[in-house]
Each structure stands twice: as C-alpha cells, then as structure tokens.
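**Q** Provided below: coords31.pdb, containing PDB, C-alpha atoms.
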ATOM      1  CA  MET A   1       0.000   0.000   0.000
ATOM      2  CA  ASN A   2       1.518   3.335  -0.995
ATOM      3  CA  THR A   3       1.495   6.637   0.863
ATOM      4  CA  LYS A   4      -1.302   8.104  -1.218
ATOM      5  CA  GLU A   5      -3.611   5.173  -0.518
ATOM      6  CA  THR A   6      -2.810   5.228   3.188
ATOM      7  CA  ASP A   7      -3.427   8.950   3.454
ATOM      8  CA  HIS A   8      -6.632   8.595   1.467
ATOM      9  CA  GLN A   9      -7.898   5.922   3.841
ATOM     10  CA  LEU A  10      -6.970   7.942   6.894
ATOM     11  CA  ILE A  11      -8.711  11.017   5.482
ATOM     12  CA  GLN A  12     -11.825   8.965   4.810
ATOM     13  CA  GLN A  13     -11.766   7.701   8.382
ATOM     14  CA  VAL A  14     -11.497  11.264   9.703
ATOM     15  CA  LEU A  15     -14.412  12.308   7.515
ATOM     16  CA  ASP A  16     -16.372   9.379   8.887
ATOM     17  CA  GLY A  17     -15.937  10.852  12.341
ATOM     18  CA  ARG A  18     -12.827   9.044  13.607
ATOM     19  CA  LYS A  19     -10.762  11.926  14.919
ATOM     20  CA  ALA A  20      -7.985   9.599  16.076
ATOM     21  CA  ALA A  21      -7.129   8.795  12.455
ATOM     22  CA  PHE A  22      -6.004  12.387  12.065
ATOM     23  CA  GLY A  23      -3.440  11.730  14.775
ATOM     24  CA  LEU A  24      -1.661   9.327  12.428
ATOM     25  CA  LEU A  25      -1.515  12.016   9.752
ATOM     26  CA  VAL A  26      -0.138  14.489  12.301
ATOM     27  CA  GLU A  27       2.459  11.987  13.408
ATOM     28  CA  LYS A  28       3.490  11.364   9.827
ATOM     29  CA  TYR A  29       3.863  14.977   8.748
ATOM     30  CA  GLN A  30       4.565  16.929  11.941
ATOM     31  CA  HIS A  31       8.323  17.034  11.444
ATOM     32  CA  SER A  32       8.267  18.135   7.807
ATOM     33  CA  ILE A  33       5.633  20.803   8.451
ATOM     34  CA  TYR A  34       7.460  22.082  11.519
ATOM     35  CA  ALA A  35      10.767  22.135   9.610
ATOM     36  CA  LEU A  36       9.213  24.142   6.772
ATOM     37  CA  VAL A  37       7.667  26.689   9.123
ATOM     38  CA  HIS A  38      10.766  26.870  11.300
ATOM     39  CA  ARG A  39      12.934  27.601   8.262
ATOM     40  CA  ILE A  40      11.041  30.859   7.793
ATOM     41  CA  VAL A  41       9.791  31.835  11.230
ATOM     42  CA  ARG A  42      13.058  30.866  12.983
ATOM     43  CA  ASP A  43      11.534  31.076  16.419
ATOM     44  CA  GLU A  44      10.771  27.730  18.052
ATOM     45  CA  THR A  45       7.663  28.804  19.963
ATOM     46  CA  GLU A  46       6.202  30.650  17.008
ATOM     47  CA  ALA A  47       7.058  27.824  14.622
ATOM     48  CA  ARG A  48       5.263  25.402  16.929
ATOM     49  CA  ASP A  49       2.178  27.646  17.064
ATOM     50  CA  VAL A  50       2.101  28.097  13.298
ATOM     51  CA  ALA A  51       2.641  24.373  12.652
ATOM     52  CA  GLN A  52      -0.212  23.553  15.022
ATOM     53  CA  SER A  53      -2.512  26.029  13.321
ATOM     54  CA  VAL A  54      -1.622  24.422   9.977
ATOM     55  CA  PHE A  55      -2.853  21.034  11.183
ATOM     56  CA  ILE A  56      -6.004  22.513  12.731
ATOM     57  CA  LYS A  57      -6.772  24.313   9.489
ATOM     58  CA  ALA A  58      -6.110  21.151   7.494
ATOM     59  CA  TYR A  59      -8.494  19.257   9.764
ATOM     60  CA  GLU A  60     -11.208  21.862   9.364
ATOM     61  CA  LYS A  61     -10.798  21.983   5.589
ATOM     62  CA  LEU A  62     -10.378  18.251   5.102
ATOM     63  CA  GLY A  63     -13.824  18.015   3.554
ATOM     64  CA  SER A  64     -12.695  20.274   0.731
ATOM     65  CA  PHE A  65      -9.540  18.257  -0.038
ATOM     66  CA  ASN A  66     -10.198  16.870  -3.509
ATOM     67  CA  HIS A  67      -7.507  14.127  -3.686
ATOM     68  CA  LYS A  68      -6.228  15.517  -6.995
ATOM     69  CA  SER A  69      -2.877  16.185  -5.391
ATOM     70  CA  LEU A  70      -1.102  14.331  -2.599
ATOM     71  CA  PHE A  71      -2.250  15.086   0.919
ATOM     72  CA  SER A  72       1.326  16.000   1.856
ATOM     73  CA  THR A  73       1.484  18.533  -0.986
ATOM     74  CA  TRP A  74      -1.836  20.039   0.074
ATOM     75  CA  LEU A  75      -0.676  20.190   3.705
ATOM     76  CA  HIS A  76       2.630  21.792   2.729
ATOM     77  CA  SER A  77       0.822  24.423   0.666
ATOM     78  CA  ILE A  78      -1.234  25.348   3.751
ATOM     79  CA  ALA A  79       2.001  25.560   5.766
ATOM     80  CA  TYR A  80       3.653  27.625   3.029
ATOM     81  CA  ASN A  81       0.828  30.178   2.991
ATOM     82  CA  ALA A  82       0.644  30.297   6.789
ATOM     83  CA  ALA A  83       4.378  30.852   7.185
ATOM     84  CA  ILE A  84       4.507  33.493   4.460
ATOM     85  CA  SER A  85       1.586  35.392   5.968
ATOM     86  CA  VAL A  86       3.204  35.293   9.415
ATOM     87  CA  CYS A  87       6.375  36.773   7.922
ATOM     88  CA  ARG A  88       4.402  39.493   6.171
ATOM     89  CA  ARG A  89       2.588  40.429   9.374
ATOM     90  CA  LYS A  90       5.789  40.569  11.357
ATOM     91  CA  LYS A  91       8.234  43.405  11.099
ATOM     92  CA  PRO A  92      11.033  41.852   9.061
ATOM     93  CA  ASP A  93      14.197  40.990  10.897
ATOM     94  CA  LEU A  94      16.691  42.971   8.977
ATOM     95  CA  VAL A  95      19.975  41.145   8.774
ATOM     96  CA  ARG A  96      22.596  43.393   7.352
ATOM     97  CA  LEU A  97      24.762  41.770   4.743
ATOM     98  CA  ASP A  98      27.894  43.231   6.244
ATOM     99  CA  VAL A  99      27.102  41.517   9.542
ATOM    100  CA  LEU A 100      27.808  38.095   8.029
ATOM    101  CA  SER A 101      31.096  37.577   9.664
ATOM    102  CA  GLY A 102      32.115  34.061   8.784
ATOM    103  CA  GLN A 103      33.006  33.702  12.442
ATOM    104  CA  TYR A 104      32.375  29.960  12.309
ATOM    105  CA  LEU A 105      35.153  29.445   9.797
ATOM    106  CA  GLY A 106      37.736  29.964  12.476
ATOM    107  CA  ALA A 107      36.467  26.986  14.353
ATOM    108  CA  GLU A 108      37.613  24.313  11.932
ATOM    109  CA  GLU A 109      41.164  24.448  13.177
ATOM    110  CA  ASP A 110      39.971  23.622  16.648
ATOM    111  CA  GLU A 111      37.257  21.185  15.756
ATOM    112  CA  ALA A 112      38.830  19.904  12.587
ATOM    113  CA  ASN A 113      35.407  19.901  11.064
ATOM    114  CA  GLU A 114      35.315  22.139   8.070
ATOM    115  CA  LYS A 115      31.971  20.896   6.852
ATOM    116  CA  GLU A 116      30.321  21.636  10.172
ATOM    117  CA  ALA A 117      31.713  25.161  10.112
ATOM    118  CA  LEU A 118      30.506  25.665   6.550
ATOM    119  CA  LEU A 119      27.054  24.402   7.471
ATOM    120  CA  ARG A 120      26.825  26.871  10.297
ATOM    121  CA  LEU A 121      27.934  29.652   7.997
ATOM    122  CA  LEU A 122      25.320  28.557   5.471
ATOM    123  CA  GLU A 123      22.647  28.693   8.156
ATOM    124  CA  GLU A 124      23.733  32.231   8.943
ATOM    125  CA  VAL A 125      23.756  33.219   5.275
ATOM    126  CA  LEU A 126      20.260  31.768   4.759
ATOM    127  CA  THR A 127      18.838  34.234   7.286
ATOM    128  CA  VAL A 128      19.592  36.975   4.779
ATOM    129  CA  LEU A 129      17.351  35.444   2.124
ATOM    130  CA  PRO A 130      13.687  36.466   1.867
ATOM    131  CA  PRO A 131      11.151  33.873   3.122
ATOM    132  CA  GLU A 132      10.040  32.800  -0.363
ATOM    133  CA  GLU A 133      13.635  31.976  -1.344
ATOM    134  CA  ASN A 134      14.273  30.193   1.928
ATOM    135  CA  ILE A 135      11.235  28.011   1.366
ATOM    136  CA  LEU A 136      12.385  27.048  -2.131
ATOM    137  CA  ILE A 137      15.775  26.030  -0.773
ATOM    138  CA  HIS A 138      14.161  24.086   2.033
ATOM    139  CA  LEU A 139      11.628  22.286  -0.145
ATOM    140  CA  PHE A 140      14.088  21.334  -2.864
ATOM    141  CA  TYR A 141      17.259  20.555  -0.950
ATOM    142  CA  THR A 142      16.330  19.806   2.643
ATOM    143  CA  SER A 143      12.990  18.047   2.350
ATOM    144  CA  GLY A 144      13.646  16.700  -1.137
ATOM    145  CA  HIS A 145      10.375  17.634  -2.846
ATOM    146  CA  SER A 146      10.190  17.326  -6.608
ATOM    147  CA  MET A 147       9.868  20.376  -8.832
ATOM    148  CA  ALA A 148       6.259  19.428  -9.632
ATOM    149  CA  GLU A 149       5.396  19.212  -5.929
ATOM    150  CA  ILE A 150       7.072  22.550  -5.191
ATOM    151  CA  SER A 151       5.103  24.015  -8.056
ATOM    152  CA  GLU A 152       1.855  22.821  -6.465
ATOM    153  CA  ILE A 153       2.857  24.026  -3.019
ATOM    154  CA  THR A 154       4.035  27.489  -4.028
ATOM    155  CA  GLY A 155       1.911  28.135  -7.098
ATOM    156  CA  LEU A 156       5.017  28.928  -9.154
ATOM    157  CA  THR A 157       5.711  27.285 -12.497
ATOM    158  CA  VAL A 158       8.459  24.669 -12.725
ATOM    159  CA  THR A 159      10.489  26.936 -15.038
ATOM    160  CA  ASN A 160      10.133  29.797 -12.608
ATOM    161  CA  ILE A 161      11.291  27.589  -9.748
ATOM    162  CA  LYS A 162      14.359  26.482 -11.708
ATOM    163  CA  VAL A 163      15.272  30.080 -12.516
ATOM    164  CA  LYS A 164      14.735  31.174  -8.933
ATOM    165  CA  LEU A 165      16.829  28.307  -7.547
ATOM    166  CA  PHE A 166      19.634  29.170  -9.954
ATOM    167  CA  ARG A 167      19.604  32.799  -8.813
ATOM    168  CA  ILE A 168      19.426  31.827  -5.152
ATOM    169  CA  ARG A 169      22.446  29.546  -5.534
ATOM    170  CA  LYS A 170      24.381  32.403  -7.137
ATOM    171  CA  LYS A 171      23.361  34.708  -4.339
ATOM    172  CA  LEU A 172      24.347  32.175  -1.692
ATOM    173  CA  LEU A 173      27.716  31.576  -3.313
ATOM    174  CA  ALA A 174      28.424  35.301  -3.367
ATOM    175  CA  LEU A 175      27.397  35.661   0.271
ATOM    176  CA  MET A 176      29.496  32.683   1.336
ATOM    177  CA  GLU A 177      32.503  34.026  -0.554
ATOM    178  CA  ASN A 178      31.973  37.430   0.969
ATOM    179  CA  ALA A 179      31.860  35.996   4.481
ATOM    180  CA  SER A 180      34.963  33.871   3.852
ATOM    181  CA  VAL A 181      36.969  36.803   2.480
ATOM    182  CA  LYS A 182      35.928  38.941   5.416
ATOM    183  CA  HIS A 183      37.073  36.244   7.787
ATOM    184  CA  LEU A 184      40.468  35.927   6.073
ATOM    185  CA  ASN A 185      40.982  39.685   6.233
TER     186      ASN A 185
ATOM    187  CA  MET B   1      33.417  27.001  -3.041
ATOM    188  CA  ASP B   2      31.699  26.089  -6.307
ATOM    189  CA  GLU B   3      28.040  25.478  -7.090
ATOM    190  CA  HIS B   4      28.318  21.718  -6.764
ATOM    191  CA  GLN B   5      29.817  21.980  -3.281
ATOM    192  CA  LEU B   6      27.112  24.419  -2.299
ATOM    193  CA  GLU B   7      24.419  22.014  -3.472
ATOM    194  CA  GLU B   8      26.006  19.191  -1.487
ATOM    195  CA  LEU B   9      26.108  21.421   1.550
ATOM    196  CA  LEU B  10      22.464  22.403   1.109
ATOM    197  CA  LYS B  11      21.429  18.765   0.799
ATOM    198  CA  SER B  12      23.287  17.860   3.976
ATOM    199  CA  MET B  13      21.426  20.433   6.053
ATOM    200  CA  LYS B  14      19.371  18.790   8.763
ATOM    201  CA  PRO B  15      15.733  19.866   8.983
ATOM    202  CA  ALA B  16      14.355  20.973  12.346
ATOM    203  CA  ARG B  17      12.315  18.370  14.194
ATOM    204  CA  ALA B  18       8.947  19.057  15.742
ATOM    205  CA  PRO B  19       9.142  19.499  19.517
ATOM    206  CA  GLN B  20       7.843  16.739  21.734
ATOM    207  CA  GLY B  21       4.198  17.008  22.611
ATOM    208  CA  MET B  22       3.202  18.926  19.502
ATOM    209  CA  LYS B  23       1.052  16.080  18.222
ATOM    210  CA  GLU B  24      -0.717  15.739  21.570
ATOM    211  CA  SER B  25      -1.350  19.465  21.664
ATOM    212  CA  ILE B  26      -2.819  19.383  18.140
ATOM    213  CA  MET B  27      -5.046  16.404  18.955
ATOM    214  CA  GLU B  28      -6.205  18.126  22.126
ATOM    215  CA  GLN B  29      -7.284  21.160  20.110
ATOM    216  CA  ILE B  30      -8.942  18.946  17.526
ATOM    217  CA  GLY B  31     -10.754  17.124  20.305
ATOM    218  CA  ARG B  32     -12.438  20.382  21.232
ATOM    219  CA  LEU B  33     -13.688  20.935  17.685
ATOM    220  CA  PRO B  34     -17.127  19.630  16.695
ATOM    221  CA  LEU B  35     -17.245  16.189  15.123
ATOM    222  CA  ASN B  36     -18.382  17.592  11.802
ATOM    223  CA  ALA B  37     -15.578  20.193  11.617
ATOM    224  CA  PRO B  38     -13.906  18.598   8.555
ATOM    225  CA  THR B  39     -17.148  18.895   6.636
ATOM    226  CA  ALA B  40     -18.180  22.202   8.119
ATOM    227  CA  LYS B  41     -18.805  23.710   4.715
ATOM    228  CA  ARG B  42     -22.444  22.707   4.946
ATOM    229  CA  GLY B  43     -22.605  24.203   8.406
ATOM    230  CA  LEU B  44     -21.624  27.533   6.951
ATOM    231  CA  LEU B  45     -24.223  27.012   4.276
ATOM    232  CA  ALA B  46     -26.824  26.597   6.972
ATOM    233  CA  GLU B  47     -25.585  29.756   8.651
ATOM    234  CA  SER B  48     -25.905  31.652   5.395
ATOM    235  CA  PHE B  49     -29.458  30.312   5.156
ATOM    236  CA  LEU B  50     -30.219  31.877   8.511
ATOM    237  CA  LEU B  51     -28.605  35.113   7.423
ATOM    238  CA  TRP B  52     -30.607  35.314   4.225
ATOM    239  CA  MET B  53     -33.757  34.317   6.044
ATOM    240  CA  SER B  54     -33.248  37.140   8.570
ATOM    241  CA  LEU B  55     -32.602  39.659   5.820
ATOM    242  CA  LEU B  56     -35.696  38.500   3.981
ATOM    243  CA  ALA B  57     -37.752  38.784   7.155
ATOM    244  CA  ILE B  58     -36.516  42.338   7.725
ATOM    245  CA  LEU B  59     -37.254  43.201   4.102
ATOM    246  CA  LEU B  60     -40.747  41.755   4.334
ATOM    247  CA  PHE B  61     -41.435  43.617   7.548
ATOM    248  CA  CYS B  62     -40.181  46.887   6.072
ATOM    249  CA  GLY B  63     -42.295  46.304   2.978
ATOM    250  CA  TRP B  64     -45.344  45.615   5.057
ATOM    251  CA  ALA B  65     -44.684  48.610   7.313
ATOM    252  CA  TRP B  66     -44.106  50.804   4.286
ATOM    253  CA  GLN B  67     -47.240  49.565   2.610
ATOM    254  CA  THR B  68     -49.449  50.127   5.632
ATOM    255  CA  GLY B  69     -47.894  53.507   6.370
ATOM    256  CA  LEU B  70     -46.561  52.299   9.685
ATOM    257  CA  LEU B  71     -43.006  53.097   8.691
ATOM    258  CA  GLY B  72     -42.308  56.768   8.749
ATOM    259  CA  ALA B  73     -45.852  57.832   9.589
ATOM    260  CA  GLU B  74     -44.439  60.471  11.874
ATOM    261  CA  MET B  75     -41.627  61.431   9.587
ATOM    262  CA  PRO B  76     -42.527  63.877   6.804
ATOM    263  CA  TRP B  77     -39.274  63.296   4.929
ATOM    264  CA  ILE B  78     -40.066  59.615   4.557
ATOM    265  CA  GLN B  79     -43.553  60.483   3.304
ATOM    266  CA  TYR B  80     -41.951  62.842   0.803
ATOM    267  CA  LEU B  81     -39.471  60.155  -0.244
ATOM    268  CA  ARG B  82     -42.285  57.692  -0.742
ATOM    269  CA  GLN B  83     -44.163  60.097  -2.980
ATOM    270  CA  SER B  84     -41.175  61.248  -4.996
ATOM    271  CA  MET B  85     -39.510  57.934  -5.714
ATOM    272  CA  GLY B  86     -42.656  55.893  -5.966
ATOM    273  CA  ASN B  87     -43.519  53.051  -3.736
ATOM    274  CA  ILE B  88     -41.046  50.390  -4.720
ATOM    275  CA  PHE B  89     -42.693  47.959  -2.405
ATOM    276  CA  THR B  90     -45.891  48.116  -4.408
ATOM    277  CA  GLN B  91     -43.911  46.278  -7.052
ATOM    278  CA  PHE B  92     -43.915  43.399  -4.614
ATOM    279  CA  SER B  93     -47.363  44.119  -3.310
ATOM    280  CA  GLY B  94     -48.421  40.517  -3.694
ATOM    281  CA  MET B  95     -45.760  39.483  -1.254
ATOM    282  CA  ALA B  96     -45.494  42.538   0.953
ATOM    283  CA  GLY B  97     -49.234  42.964   1.310
ATOM    284  CA  ARG B  98     -49.712  39.546   2.825
ATOM    285  CA  PRO B  99     -46.800  39.072   5.191
ATOM    286  CA  SER B 100     -48.600  36.478   7.274
ATOM    287  CA  VAL B 101     -49.190  34.006   4.440
ATOM    288  CA  TYR B 102     -45.939  34.515   2.522
ATOM    289  CA  GLY B 103     -43.784  35.015   5.597
ATOM    290  CA  ILE B 104     -44.957  31.830   7.239
ATOM    291  CA  SER B 105     -44.565  29.766   4.064
ATOM    292  CA  ILE B 106     -41.030  31.117   3.481
ATOM    293  CA  PHE B 107     -40.039  30.436   7.087
ATOM    294  CA  LEU B 108     -41.496  26.945   6.922
ATOM    295  CA  SER B 109     -39.718  26.040   3.670
ATOM    296  CA  LEU B 110     -36.410  27.383   4.950
ATOM    297  CA  GLY B 111     -36.887  25.444   8.155
ATOM    298  CA  LEU B 112     -37.491  22.281   6.170
ATOM    299  CA  LEU B 113     -34.371  22.930   4.089
ATOM    300  CA  LEU B 114     -32.311  23.400   7.255
ATOM    301  CA  LEU B 115     -33.706  20.177   8.669
ATOM    302  CA  LEU B 116     -32.860  18.378   5.424
ATOM    303  CA  ASP B 117     -29.364  19.870   5.554
ATOM    304  CA  ARG B 118     -28.904  18.555   9.097
ATOM    305  CA  ILE B 119     -30.121  15.077   8.128
ATOM    306  CA  ILE B 120     -27.757  14.943   5.136
ATOM    307  CA  LYS B 121     -24.879  16.195   7.273
ATOM    308  CA  PHE B 122     -25.585  13.525   9.866
ATOM    309  CA  LYS B 123     -26.019  10.663   7.426
ATOM    310  CA  THR B 124     -23.374  11.309   4.810
ATOM    311  CA  HIS B 125     -20.118  13.126   4.313
ATOM    312  CA  THR B 126     -20.680  14.104   0.714
ATOM    313  CA  ARG B 127     -20.890  17.797   0.164
ATOM    314  CA  PHE B 128     -24.448  18.572  -0.812
ATOM    315  CA  ASN B 129     -25.161  22.059  -1.958
ATOM    316  CA  LEU B 130     -28.733  22.929  -1.171
ATOM    317  CA  LEU B 131     -28.408  26.297  -2.836
TER     318      LEU B 131
END
Re-express the file's structure as structure tokens.
**A**
Amino acid sequence: MNTKETDHQLIQQVLDGRKAAFGLLVEKYQHSIYALVHRIVRDETEARDVAQSVFIKAYEKLGSFNHKSLFSTWLHSIAYNAAISVCRRKKPDLVRLDVLSGQYLGAEEDEANEKEALLRLLEEVLTVLPPEENILIHLFYTSGHSMAEISEITGLTVTNIKVKLFRIRKKLLALMENASVKHLN
Amino acid sequence: MDEHQLEELLKSMKPARAPQGMKESIMEQIGRLPLNAPTAKRGLLAESFLLWMSLLAILLFCGWAWQTGLLGAEMPWIQYLRQSMGNIFTQFSGMAGRPSVYGISIFLSLGLLLLLDRIIKFKTHTRFNLL
C-alpha cells in the first residue's frame, strides 16, 4: 500500500468521524511541516504555534480536499501560505549583509570539522534570504520535494522555480565568498 | 566554493524536528472541535441560510410597514421620499401585502431545508449544496 492510498484511507476515516485517524496524519507529517515553518519563522515557539494552526486548518478543511494532489502537498501548501503570511505580518528581521562575519570558519582548526563550520555559515547566510527563497531552498534541498510538488505548493511554475533556484544559488555563493573573504581579512 | 559543493552542503542540512508534545497538543485542540468540523462547509451554508432568512424577514417587515404607512408615519421626509420615488414595495405588493401568508410559508420552507441539511450532514459526508 503506498502513501497516497494510506493517506486517502486515513482522510476517509477522519471524515467518517474518527478523529484519532487524524493523529496518524499528524504523526506522519509533523516534522516536515514544523521544519518548513521553522525555516522561515526561525523562532521555536512561534514555529510550533504556526505548525499547530496548519494542522487545525487542514483538519477543518479536510472536507474540501479533492484528492487531486497528494495530501502531503496540500498540507505543505497550507504551511507555506501560513508561514509566508506570518512573515508578512511581522516586522522583518533585517539582517545586514555586512554583519555576516564568517566567524564559524575559524572553528575548523579547533574542531577539525570544516563541513560543520561551513554548514553553520550557510545557516547564517540563509537568514539573509527572503522567506520565499528560503522556502524554495528548504523544499528542494532539505525536504527533497520534486519540482512538480514545489510548483503545487508554491503556485510557481516549474520553469520559474528552476530560474529562482539558480539565482538563489548564485546569491548564496556570493554571500558565502563574501563571508569567507571577510574572515580571512 | 563552487556550485556543486554548495548544493552538497544544502542537501546535507538537517531539517528541524517538531518538539515533543506537539502532536498531543494538536489532537487536544482537535478534540475540542465539533465532530463535523472537517465537513463544516455545509454548516456555513446553513448559517448563510439563517442570514438570508433574517434579511428576507426584515425586508418583508419593512415592505409591510411601508405599505401600511406604519413606517415613517411620523416622519414627513419619509412620506416625501415615498411620494417622490414611488412606492417600490408596491412592485412586490403581492408578497409585501400579505406578510402572514408569505412570511410563514417562506419560514417553513427554509426550516425544512435546514432540517434536510442537518439530516444529510448527519447521514453522509458528501458535500451537498442545497443552494
């Protein structure tokens, strides 16, 4: 039995009045939804609140889910819209580009773990990106969604996503280089 | 660093994990929701029925009051308005002139529709659009 069939059965059970069946869906997707929201919101408490509201909304709207797309895609699109709207409501955290210090790069000599230091620098650099770009990076690289799924979640065309990802990679490379040079100086 | 290395780095990023107890908290909130919450679309439909029914009732009452001169009897400007713009409610005189008969029949049919909506909601989970 594949994921789609399982989800479909669970949804049907929820619609038949078995609330507990929704618990299995929550269990299955809680980490990916939380990770998506956390990537943008960046605050643990707020990310938890938003992720919870995503599941409540999904439960309330389950009757309108038409099974044309995967349940996970539908759920992620709710999370995407919720996280984006939270970011728009909030005053943006302005991270100045010149603040990216590359401070973590100095650690590799001590820890002998260059990759770890680069990952931490990347995390820092990602905070500079706007939420929409962060989500694309997260969906494609971290959670491993396909282009077609990302297209359904975000409402962007596949071509547009490819172009955006290309530009984001260029931007990230420049920012990483910038931080590294600053550290060396 | 080149693009390939960056992509490898991006792929190796670990996603955040949901905090413990999040599922329980969600299920607790869901437990407080009504049983028909996932199919609440028809509930809203029923609410819109009530809304339209109330508006219709107000309209019928106004029409009746206007027709009988009850509305604005003490207000010369309303009398003037009635004369100058013509009595629009006379266009619906058949309905507005007999509020008791038409009002009761409308209320009864809407009540029956609401009852039908409730029965369908209770028996099935298919979305049934009464409107």
**Q** Hey, what's within 10 Å of A:Tyr141 if we count all atoms listed in the file and toss same-chain stuff fewer than 5 positions away? As a count of residues only, please?
**A** 10
**Q** At what distance in Å, to one decimal, does atom CA of A:Ile78 lie from atom CA of B:Met22?
**A** 17.6 Å
**Q** Given only C-alpha atoms as the basis, pick out the residue of A:Leu24, A:Ile153, A:Met176, A:Ile11 nearest to A:Glu123.
**A** A:Met176
**Q** Could you build a table of the residues in chain A lying no more than 8 Å from chain B, giving for each the nearest pair of atoms and their separation in Å rounded to one decimal place, using all atoms listed in the file, ordered by chain and ascending residue number, as a Markdown table?
**A**
| residue | atom | partner | partner_atom | distance |
| --- | --- | --- | --- | --- |
| A:Val14 | CA | B:Pro38 | CA | 7.8 |
| A:Leu15 | CA | B:Pro38 | CA | 6.4 |
| A:Asp16 | CA | B:His125 | CA | 7.0 |
| A:Gly17 | CA | B:Leu35 | CA | 6.2 |
| A:Lys19 | CA | B:Gly31 | CA | 7.5 |
| A:Ala20 | CA | B:Met27 | CA | 8.0 |
| A:Gly23 | CA | B:Met27 | CA | 6.5 |
| A:Val26 | CA | B:Lys23 | CA | 6.2 |
| A:Glu27 | CA | B:Lys23 | CA | 6.5 |
| A:Gln30 | CA | B:Ala18 | CA | 6.2 |
| A:His31 | CA | B:Ala18 | CA | 4.8 |
| A:Ser32 | CA | B:Arg17 | CA | 7.6 |
| A:Tyr34 | CA | B:Ala18 | CA | 5.4 |
| A:Ala35 | CA | B:Ala16 | CA | 4.7 |
| A:His38 | CA | B:Ala16 | CA | 7.0 |
| A:Arg39 | CA | B:Ala16 | CA | 7.9 |
| A:Arg48 | CA | B:Met22 | CA | 7.3 |
| A:Gln52 | CA | B:Ile26 | CA | 5.8 |
| A:Phe55 | CA | B:Ile26 | CA | 7.2 |
| A:Ile56 | CA | B:Ile30 | CA | 6.7 |
| A:Tyr59 | CA | B:Pro38 | CA | 5.6 |
| A:Glu60 | CA | B:Pro38 | CA | 4.3 |
| A:Lys61 | CA | B:Pro38 | CA | 5.5 |
| A:Leu62 | CA | B:Pro38 | CA | 4.9 |
| A:Gly63 | CA | B:Thr39 | CA | 4.6 |
| A:Ser64 | CA | B:Thr39 | CA | 7.5 |
| A:Lys115 | CA | B:Leu9 | CA | 7.9 |
| A:Leu118 | CA | B:Leu9 | CA | 7.9 |
| A:Leu119 | CA | B:Leu9 | CA | 6.7 |
| A:Ile137 | CA | B:Leu10 | CA | 7.8 |
| A:Tyr141 | CA | B:Lys11 | CA | 4.9 |
| A:Thr142 | CA | B:Lys11 | CA | 5.5 |
| A:Ser143 | CA | B:Pro15 | CA | 7.4 |
| A:Arg169 | CA | B:Glu3 | CA | 7.1 |
| A:Lys170 | CA | B:Glu3 | CA | 7.8 |
| A:Leu173 | CA | B:Glu3 | CA | 7.2 |
| A:Glu177 | CA | B:Met1 | CA | 7.5 |
**Q** May I ask for the distance between atom CA of A:Val50 and atom CA of A:Val37, given in Å to one decimal place?
**A** 7.1 Å
**Q** Written as number ranges by chain, which residues does the PyMOL selection byres ((chain A and resi 80) around 9) give for the file shown?
**A** A: 33, 36-37, 75-79, 81-85, 132, 135, 153-154
**Q** Using C-alpha atoms, can you export the residues from the last selection as a PDB file, in the coordinates of the input?
**A**
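Contents of selection20.pdb, freshly written:
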ATOM      1  CA  ILE A  33       5.633  20.803   8.451  1.00  0.00           C
ATOM      2  CA  LEU A  36       9.213  24.142   6.772  1.00  0.00           C
ATOM      3  CA  VAL A  37       7.667  26.689   9.123  1.00  0.00           C
ATOM      4  CA  LEU A  75      -0.676  20.190   3.705  1.00  0.00           C
ATOM      5  CA  HIS A  76       2.630  21.792   2.729  1.00  0.00           C
ATOM      6  CA  SER A  77       0.822  24.423   0.666  1.00  0.00           C
ATOM      7  CA  ILE A  78      -1.234  25.348   3.751  1.00  0.00           C
ATOM      8  CA  ALA A  79       2.001  25.560   5.766  1.00  0.00           C
ATOM      9  CA  ASN A  81       0.828  30.178   2.991  1.00  0.00           C
ATOM     10  CA  ALA A  82       0.644  30.297   6.789  1.00  0.00           C
ATOM     11  CA  ALA A  83       4.378  30.852   7.185  1.00  0.00           C
ATOM     12  CA  ILE A  84       4.507  33.493   4.460  1.00  0.00           C
ATOM     13  CA  SER A  85       1.586  35.392   5.968  1.00  0.00           C
ATOM     14  CA  GLU A 132      10.040  32.800  -0.363  1.00  0.00           C
ATOM     15  CA  ILE A 135      11.235  28.011   1.366  1.00  0.00           C
ATOM     16  CA  ILE A 153       2.857  24.026  -3.019  1.00  0.00           C
ATOM     17  CA  THR A 154       4.035  27.489  -4.028  1.00  0.00           C
TER      18      THR A 154
END
**Q** What does the structure give for the distance between atom CA of A:Ala58 and atom CA of A:Arg89, in Å to one decimal?
**A** 21.2 Å
**Q** With all atoms listed in the file as the basis for distance, which of A:Leu70, A:Ser53, A:Phe65, A:Ile40 is at the shortest distance from A:Arg88?
**A**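 Closest residue, counting all atoms listed in the file: A:Ile40.
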